[in-house]
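Undergrad: Quick one: structure below, then a few questions.
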Amino acid sequence: MGLFERVKKAAERLAQGQGRPRRLLPGWKLRMVGDQRQAETSNADGRDIVRQEAGLPKPLFKPPLHDGCRCFDSPALLDDGTWVVVWQTRNDDVTCTDPYPVPWGETQGCKEMQGRVISEGPYFGMPVEQARVIAAENAVEGPTVEEANEELGQVLDEYVAGRAQGRW
Ligand SMILES: [Zn+2]
């Protein structure tokens, strides 16, 4: 493959986000997720809007579970490139274990909600550990963003060097 073709191919591959989606999240999306973390000081609804604008899925069910519930939620990225929102508890001695109805049946309080996927999509209601295992099985093998970036950088360097030498 000629150098120009390699530059084109490397750029295309990066642009199309082929390969392992875990790391092929476009840079702008990662930045938005970063911005969203800063924005988390605002109220929960505002936070959800920012998250959804950043491409994170919508929680179908959210804390609080009950009066005085201290639970919160946080986003997680799975190996198949899927973002999920996960229920988090303080998980201490006073975390409740009383039964409550939830969309997938019943939960033994906040204790059992710890680590549950609460966003829409195929992992809804699942413990995030289980979702991680399934996602890893579904992950597509391919170049990472770093690898694709590096490859593009290398061929561009070759191009610039060749040009400086008057080769094209
Ligand atoms: Zn709670």
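Letters A, B, ... go to the chains of the structure tokens in the order shown; residues in each chain start at 1; ligands are counted from 1 in the same order.
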I'd like the contact shell of range 129-134 of chain A - 10 Å cut-off, only C-alpha atoms, skipping same-chain residues fewer than 5 positions apart - returned as a JSON list (two decimals) with N, CA and C atoms, in the first residue's frame.
TA:
[["chain", "number", "residue", "atom", "x", "y", "z"],
["A", 76, "ALA", "N", -20.91, 4.50, 33.67],
["A", 76, "ALA", "CA", -19.80, 3.57, 33.49],
["A", 76, "ALA", "C", -19.75, 3.16, 32.02],
["A", 77, "LEU", "N", -18.54, 2.96, 31.51],
["A", 77, "LEU", "CA", -18.35, 2.55, 30.12],
["A", 77, "LEU", "C", -17.99, 1.08, 30.08],
["A", 78, "LEU", "N", -18.77, 0.31, 29.32],
["A", 78, "LEU", "CA", -18.52, -1.13, 29.20],
["A", 78, "LEU", "C", -17.62, -1.41, 27.99],
["A", 79, "ASP", "N", -17.07, -2.62, 27.96],
["A", 79, "ASP", "CA", -16.11, -2.98, 26.92],
["A", 79, "ASP", "C", -16.68, -3.01, 25.51],
["A", 80, "ASP", "N", -18.01, -3.12, 25.39],
["A", 80, "ASP", "CA", -18.58, -3.11, 24.03],
["A", 80, "ASP", "C", -18.90, -1.70, 23.57],
["A", 82, "THR", "N", -20.70, 0.48, 25.25],
["A", 82, "THR", "CA", -21.98, 0.95, 25.78],
["A", 82, "THR", "C", -21.77, 1.71, 27.09],
["A", 84, "VAL", "N", -23.49, 2.96, 30.49],
["A", 84, "VAL", "CA", -24.62, 2.65, 31.35],
["A", 84, "VAL", "C", -24.59, 3.59, 32.55],
["A", 115, "GLY", "N", -24.78, -1.08, 42.45],
["A", 115, "GLY", "CA", -24.18, -1.62, 41.23],
["A", 115, "GLY", "C", -25.16, -2.07, 40.16],
["A", 116, "ARG", "N", -26.45, -1.75, 40.31],
["A", 116, "ARG", "CA", -27.44, -2.13, 39.29],
["A", 116, "ARG", "C", -27.45, -1.12, 38.15],
["A", 117, "VAL", "N", -27.57, -1.63, 36.95],
["A", 117, "VAL", "CA", -27.72, -0.76, 35.78],
["A", 117, "VAL", "C", -29.15, -0.23, 35.76],
["A", 122, "PRO", "N", -29.96, -2.82, 26.84],
["A", 122, "PRO", "CA", -29.99, -4.26, 27.09],
["A", 122, "PRO", "C", -29.52, -4.67, 28.49],
["A", 123, "TYR", "N", -28.87, -3.78, 29.20],
["A", 123, "TYR", "CA", -28.32, -4.16, 30.51],
["A", 123, "TYR", "C", -29.19, -3.69, 31.67],
["A", 124, "PHE", "N", -30.32, -3.08, 31.36],
["A", 124, "PHE", "CA", -31.20, -2.52, 32.39],
["A", 124, "PHE", "C", -31.55, -3.55, 33.47],
["A", 139, "ALA", "N", -17.39, -7.36, 22.87],
["A", 139, "ALA", "CA", -16.45, -6.34, 22.41],
["A", 139, "ALA", "C", -15.82, -6.77, 21.08]]
Undergrad: Could you list, as an mmCIF file with N, CA and C atoms, in the first residue's frame, all the residues within 9 Å of ligand 1, counting only C-alpha atoms and all ligand atoms?
TA:
data_model
loop_
_atom_site.group_PDB
_atom_site.id
_atom_site.type_symbol
_atom_site.label_atom_id
_atom_site.label_comp_id
_atom_site.auth_asym_id
_atom_site.auth_seq_id
_atom_site.Cartn_x
_atom_site.Cartn_y
_atom_site.Cartn_z
ATOM 1 N N PRO A 63 -32.373 6.932 41.957
ATOM 2 C CA PRO A 63 -32.476 7.259 43.378
ATOM 3 C C PRO A 63 -33.232 8.593 43.509
ATOM 4 N N PRO A 64 -33.889 8.885 44.623
ATOM 5 C CA PRO A 64 -33.935 8.087 45.843
ATOM 6 C C PRO A 64 -34.954 6.942 45.754
ATOM 7 N N LEU A 65 -34.661 5.879 46.478
ATOM 8 C CA LEU A 65 -35.573 4.736 46.532
ATOM 9 C C LEU A 65 -36.669 5.001 47.571
ATOM 10 N N HIS A 66 -36.305 5.726 48.617
ATOM 11 C CA HIS A 66 -37.221 5.950 49.748
ATOM 12 C C HIS A 66 -36.818 7.240 50.439
ATOM 13 N N ASP A 67 -37.611 7.684 51.414
ATOM 14 C CA ASP A 67 -37.263 8.881 52.178
ATOM 15 C C ASP A 67 -35.917 8.666 52.867
ATOM 16 N N GLY A 68 -35.076 9.644 52.786
ATOM 17 C CA GLY A 68 -33.782 9.551 53.467
ATOM 18 C C GLY A 68 -32.766 8.697 52.719
ATOM 19 N N CYS A 69 -33.092 8.272 51.529
ATOM 20 C CA CYS A 69 -32.165 7.472 50.702
ATOM 21 C C CYS A 69 -30.950 8.336 50.354
ATOM 22 N N ARG A 70 -29.766 7.780 50.513
ATOM 23 C CA ARG A 70 -28.538 8.540 50.235
ATOM 24 C C ARG A 70 -27.866 8.050 48.948
ATOM 25 N N CYS A 71 -28.624 7.309 48.166
ATOM 26 C CA CYS A 71 -28.036 6.740 46.947
ATOM 27 C C CYS A 71 -27.867 7.801 45.866
ATOM 28 N N PHE A 72 -27.038 7.484 44.901
ATOM 29 C CA PHE A 72 -26.775 8.384 43.772
ATOM 30 C C PHE A 72 -26.478 7.490 42.571
ATOM 31 N N TRP A 87 -26.522 2.465 39.656
ATOM 32 C CA TRP A 87 -26.997 2.866 41.000
ATOM 33 C C TRP A 87 -25.850 2.672 41.997
ATOM 34 N N GLN A 88 -25.631 3.668 42.823
ATOM 35 C CA GLN A 88 -24.574 3.591 43.826
ATOM 36 C C GLN A 88 -25.168 3.849 45.205
ATOM 37 N N THR A 89 -24.742 3.062 46.164
ATOM 38 C CA THR A 89 -25.187 3.310 47.540
ATOM 39 C C THR A 89 -23.973 3.696 48.382
ATOM 40 N N ARG A 90 -24.249 4.216 49.576
ATOM 41 C CA ARG A 90 -23.141 4.472 50.516
ATOM 42 C C ARG A 90 -22.614 3.128 51.012
ATOM 43 N N ASN A 91 -23.478 2.109 50.910
ATOM 44 C CA ASN A 91 -23.092 0.735 51.249
ATOM 45 C C ASN A 91 -22.431 0.603 52.620
ATOM 46 N N THR A 95 -27.316 1.282 55.404
ATOM 47 C CA THR A 95 -27.947 1.160 54.086
ATOM 48 C C THR A 95 -29.115 0.179 54.200
ATOM 49 N N CYS A 96 -30.279 0.612 53.734
ATOM 50 C CA CYS A 96 -31.490 -0.177 53.987
ATOM 51 C C CYS A 96 -31.517 -1.492 53.211
ATOM 52 N N GLY A 109 -34.038 -3.493 49.201
ATOM 53 C CA GLY A 109 -33.517 -2.203 49.616
ATOM 54 C C GLY A 109 -32.344 -1.710 48.795
ATOM 55 N N CYS A 110 -31.791 -0.603 49.301
ATOM 56 C CA CYS A 110 -30.690 0.044 48.591
ATOM 57 C C CYS A 110 -29.480 -0.882 48.520
ATOM 58 N N LYS A 111 -29.329 -1.726 49.540
ATOM 59 C CA LYS A 111 -28.197 -2.655 49.586
ATOM 60 C C LYS A 111 -28.131 -3.479 48.302
ATOM 61 N N MET A 113 -29.547 -2.662 45.511
ATOM 62 C CA MET A 113 -29.496 -1.789 44.328
ATOM 63 C C MET A 113 -28.065 -1.434 43.960
ATOM 64 N N GLN A 114 -27.171 -1.579 44.908
ATOM 65 C CA GLN A 114 -25.758 -1.233 44.665
ATOM 66 C C GLN A 114 -25.249 -1.902 43.379
#
Undergrad: Of the candidates A:Val94, A:Trp168, A:Asp73, A:Trp83, which one gets nearest to Gly55 in chain A if we count only C-alpha atoms?
TA: A:Trp83
Undergrad: Between A:Val128, A:Ala135, A:Val155, A:Val140, which one has atoms that come closest to Val85 in chain A, using only C-alpha atoms?
TA: A:Val128
Undergrad: So how far away is CA of Phe61 in chain A from CA of Val102 in chain A, in Å?
TA: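 Separating CA of Val102 in chain A from CA of Phe61 in chain A is a distance of 8.1 Å.
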Undergrad: So how many Å separate CA of Ile118 in chain A and CA of Lys58 in chain A, to one decimal?
TA: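 According to the coordinates, CA of Ile118 in chain A and CA of Lys58 in chain A are separated by 8.4 Å.
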Undergrad: So what do you get for CA of Glu120 in chain A versus CA of Pro99 in chain A, distance-wise?
TA: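 Computed distance, CA of Glu120 in chain A to CA of Pro99 in chain A, equals 22.7 Å.
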